[in-house]
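Note sheet for the following structure.
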Amino acid sequence: MKNKWTGSLKVKITFIFSILIAIAFGLNWIVALHTMRSEKIHDLEKVLNHLLNESMSDHILQPLTPKSCLSYLYAIPHNKMILNDSEASKLRFLVSKEPYISRENEVVSSVQQRNGIYLYAISNTEKIELALDKYAQKLLLRYLVSLLVILLISIVLLDYYMKPLAVLAKKTREWNNQEPFDFSLGNPGKEIIEVSHAFGMLIHRLEIFRTKEAELFKEAAHELKTPLALMRSRLDVYENNANYPKNKFIVDLGHDIERLTSELKNVLFLESSDFEEPISINLLEVLKAIVRKMDILIQRKQLVLQLQMETFLIVASEKLLSKVLSALLENAITYAKEKSIVKVGCDPVERKVWIDNIVGDEKYLFSSRIGEKMLKRLSHEIGFEYSITQNETFFRIELIFSNDLNLM
């Protein structure tokens with residue numbers, strides 16, 4: 001099982017932050033040592049150059065040759081004072097006709113005489129390296145202490161600023177649908193506020209769906225109870241009454257089954273809701289796609305479907321809108337008189353969609369209580385108002401959409 005401590009977001013942020021700070025400190029440490037080494041070498045070069053110039057002007061009276069003895073230069077009080085105060089080590093003088101190429105661990109300074117002979121003062125960097133080692137250790141210790149202090153402060157601040165997330169998690173775990181979800185967190189950061197509001201919106205949507213679910217089962221129990229009771233009664237009558245004709249029983253029972261099937265279909269339609277963000281939708285394109293799917297049903301009843309070409313845009317859940325329009329058009333086609341005309345159109349001025357047809361002999365979906373509830377419920381989710389006009393020969397339903405597009 002994964003350790004909770006290692007999986008903590010706070011620990012991960014602190015770990016990443018400490019790595020970045022350590023890298024920054026390491027780069028700064030390297031640059032500081034390189035800079036100090038360059039400065040010390042430059043200072044030593046100036047000391048050696050001063051030493052040579054003083055010796056040439058005050059103590060070297062004759063022109064030098066490669067065989068000249070320069071041991072007396074070490075005993076000159078002024079030179080000894082300069083060398084003791086500097087970081088020169090294992091100093092040696094060299095007279096040469098050729099330029100001297102210094103090695104990696106040497107610092108060299110030179111002067112040239114009139115006869116073309118060079119006088120070199122050569123020192124190694126042993127004292128410089130020792131000084132740099134001491135400085136590097138002190139600087140590294142200070143950096144480590146600083147890093148630990150920064151990390152401790154970071155942990156305290158992270159704990160303070162991330163505490164609202166723990167509060168939000170606790171509230172989410174303890175929430176039940178008996179009380180509204182409280183996502184107030186005091187004064188958290190902007191990102192945590194966004195997470196909190198997202199949780200609040202999610203909980204709100206879940207509350208709506210749970211309320212709908214409870215209403216759905218209540219409505220389903222009420223609507224399905226009647227056809228089931230009728231079917232039970234018909235069976236009892238048919239069993240106990242020898243005068244009940246078999247053909248009439250079959251016809252009556254068939255009507256009851258059709259009613260039960262219709263109500264079940266409506267219940268299943270209401271049960272299916274989608275977590276889908278609203279988008280801009282061209283109503284004509286949606287209607288064309290639905291008509292193509294209904295083509296077989298239209299041909300079976302020998303209907304003529306007239307679809308007007310005007311359109312307008314709305315912002316809604318595309319899947320949910322398609323379900324509603326599909327149900328309405330299927331309803332109109334199913335219950336239309338054979339060989340009649342079904343008209344579908346849009347009015348961009350009044351922002352409405354209508355479907356009308358000539359009434360056949362069958363019962364309409366929206367004459368049932370649950371059919372009306374389907375439209376009432378989904379009208380709020382999609383954003384439309386509806387009206388139904390009907391008589392013995394004509395049926396028309398209109399959906400009037402809001403003028404607020406809220407286009408993104």
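All residue names refer to the structure tokens as shown: chains lettered A, B, ... in order, residues numbered from 1 in each chain, ligands numbered from 1 in order.
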Test item, alpha helix (DSSP H) assignment across range 308-340 of chain A, answer as a PyMOL selection string
chain A and resi 318-334
Can you pull out every residue within 7 Å of range 377-389 of chain A, counting only C-alpha atoms, but drop anything in the same chain fewer than 4 positions away, and send it as a ChimeraX atom specification?
/A:316-317,321,373,395-402
Tell me, as a PyMOL selection string, which residues lie within 12 Å of range 335-348 of chain A, counting only C-alpha atoms; anything in the same chain fewer than 6 positions away does not count.
chain A and resi 282-288+290-291+297-314+325-326+328-329+354-367+392-403
For Leu64 in chain A, please output as a list in words all residues within 12 Å (counting only C-alpha atoms; exclusion window: fewer than 3 positions along the same chain).
Met56, His59, Ile60, Leu61, Lys67, Ser68, Cys69, Leu70, Phe93, Leu94, Val95, Ser96, Lys97, Val111, Gln112, Gln113, Arg114, Asn115, Gly116, Ile117, Tyr118, Leu119 and Tyr120 of chain A
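In this comparison, which uses only C-alpha atoms, the residue of A:Lys10, A:Arg103, A:Lys246, A:His78 approaching Glu54 in chain A most closely is A:His78.
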Do a neighbour search on range 148-153 of chain A at 12 Å with only C-alpha atoms, toss out local chain neighbours closer than 3 positions, and write the hits as a short mmCIF file (atom, residue, chain, number, x, y, z; two decimals) with N, CA and C atoms, in the first residue's frame.
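The resulting file, selection-v3.cif, is shown below:
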```
data_model
loop_
_atom_site.label_atom_id
_atom_site.label_comp_id
_atom_site.auth_asym_id
_atom_site.auth_seq_id
_atom_site.Cartn_x
_atom_site.Cartn_y
_atom_site.Cartn_z
N LYS A 10 1.41 18.21 -0.47
CA LYS A 10 2.28 19.15 0.24
C LYS A 10 3.72 18.68 0.24
N VAL A 11 3.93 17.38 0.45
CA VAL A 11 5.29 16.83 0.44
C VAL A 11 5.90 16.93 -0.96
N ILE A 13 5.15 19.10 -3.36
CA ILE A 13 5.48 20.50 -3.65
C ILE A 13 6.75 20.91 -2.91
N THR A 14 6.84 20.52 -1.64
CA THR A 14 8.04 20.85 -0.86
C THR A 14 9.28 20.20 -1.45
N PHE A 15 9.15 18.95 -1.89
CA PHE A 15 10.29 18.25 -2.48
C PHE A 15 10.76 18.94 -3.76
N ILE A 16 9.81 19.27 -4.63
CA ILE A 16 10.17 19.94 -5.89
C ILE A 16 10.78 21.31 -5.60
N PHE A 17 10.16 22.04 -4.67
CA PHE A 17 10.67 23.37 -4.32
C PHE A 17 12.07 23.28 -3.74
N SER A 18 12.32 22.27 -2.89
CA SER A 18 13.65 22.12 -2.30
C SER A 18 14.70 21.79 -3.36
N ILE A 19 14.31 20.98 -4.35
CA ILE A 19 15.25 20.66 -5.43
C ILE A 19 15.60 21.92 -6.21
N LEU A 20 14.60 22.73 -6.52
CA LEU A 20 14.85 23.97 -7.28
C LEU A 20 15.73 24.93 -6.48
N ILE A 21 15.44 25.07 -5.18
CA ILE A 21 16.27 25.95 -4.34
C ILE A 21 17.69 25.41 -4.24
N ALA A 22 17.81 24.07 -4.10
CA ALA A 22 19.15 23.47 -4.01
C ALA A 22 19.93 23.70 -5.31
N PHE A 25 21.00 27.32 -5.26
CA PHE A 25 22.12 27.49 -4.33
C PHE A 25 23.40 26.89 -4.90
N LEU A 141 27.85 25.58 4.19
CA LEU A 141 27.13 25.44 5.46
C LEU A 141 26.04 26.49 5.59
N ARG A 142 26.36 27.74 5.19
CA ARG A 142 25.36 28.80 5.26
C ARG A 142 24.20 28.52 4.30
N TYR A 143 24.53 28.01 3.12
CA TYR A 143 23.48 27.68 2.15
C TYR A 143 22.56 26.57 2.68
N LEU A 144 23.16 25.55 3.31
CA LEU A 144 22.36 24.45 3.85
C LEU A 144 21.43 24.95 4.96
N VAL A 145 21.96 25.80 5.84
CA VAL A 145 21.13 26.37 6.90
C VAL A 145 19.99 27.19 6.29
N VAL A 156 5.35 25.41 6.51
CA VAL A 156 4.35 26.10 7.34
C VAL A 156 3.36 26.85 6.47
N LEU A 157 3.86 27.57 5.45
CA LEU A 157 2.97 28.32 4.57
C LEU A 157 2.08 27.40 3.74
N LEU A 158 2.66 26.29 3.24
CA LEU A 158 1.85 25.34 2.47
C LEU A 158 0.75 24.74 3.34
N ASP A 159 1.12 24.42 4.57
CA ASP A 159 0.13 23.85 5.48
C ASP A 159 -0.99 24.85 5.74
N TYR A 160 -0.63 26.12 5.85
CA TYR A 160 -1.63 27.16 6.11
C TYR A 160 -2.54 27.37 4.90
#
```
Atomic separation - CA of Lys40 in chain A relative to CA of Leu52 in chain A, Å
18.4 Å
Apply DSSP to the structure's backbone, then extract all residues of range 31-208 of chain A labelled strand (DSSP E or B) and return them as a ChimeraX atom specification.
/A:89-96,106-112,118-124
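Considering only C-alpha atoms, the residue among A:Glu330, A:Leu253, A:Phe199, A:Gly26 positioned nearest to Ala169 in chain A is A:Phe199.
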Nearby residues (only C-alpha atoms) at most 12 Å from Ile101 in chain A, same-chain spacing under 5 positions excluded, as an mmCIF file with C-alpha atoms, in the first residue's frame:
```cif
data_model
loop_
_atom_site.group_PDB
_atom_site.id
_atom_site.type_symbol
_atom_site.label_atom_id
_atom_site.label_comp_id
_atom_site.auth_asym_id
_atom_site.auth_seq_id
_atom_site.Cartn_x
_atom_site.Cartn_y
_atom_site.Cartn_z
ATOM 1 C CA SER A 96 64.693 33.787 -19.736
ATOM 2 C CA GLU A 106 50.749 28.653 -11.407
ATOM 3 C CA VAL A 107 50.409 32.440 -11.308
ATOM 4 C CA VAL A 108 53.029 34.255 -13.369
ATOM 5 C CA SER A 109 54.022 37.912 -13.675
ATOM 6 C CA SER A 110 56.863 39.295 -15.806
ATOM 7 C CA TYR A 120 59.515 36.195 -14.185
ATOM 8 C CA ILE A 122 56.258 32.434 -10.509
#
```
Need to verify the contact set: Tyr74 in chain A, 12 Å, only C-alpha atoms, exclusion of same-chain residues closer than 2 positions in sequence. Can you return it as a list in words?
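The residues satisfying every condition are Leu51, Leu52, Ser55, His59, Cys69, Leu70, Ser71, Tyr72, Ile76, Pro77, His78, Asn79, Lys80, Met81, Ile82, Leu83, Asn84, Lys90, Leu91, Arg92, Phe93 and Ala121 of chain A.
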A straight line from CA of Lys127 in chain A to CA of Glu87 in chain A spans 5.5 Å
Between A:Leu44, A:Lys319, A:Pro245, A:Leu260, which is the closest to Ala229 in chain A once you count only C-alpha atoms?
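For Ala229 in chain A, the nearest of the given residues is A:Leu260.
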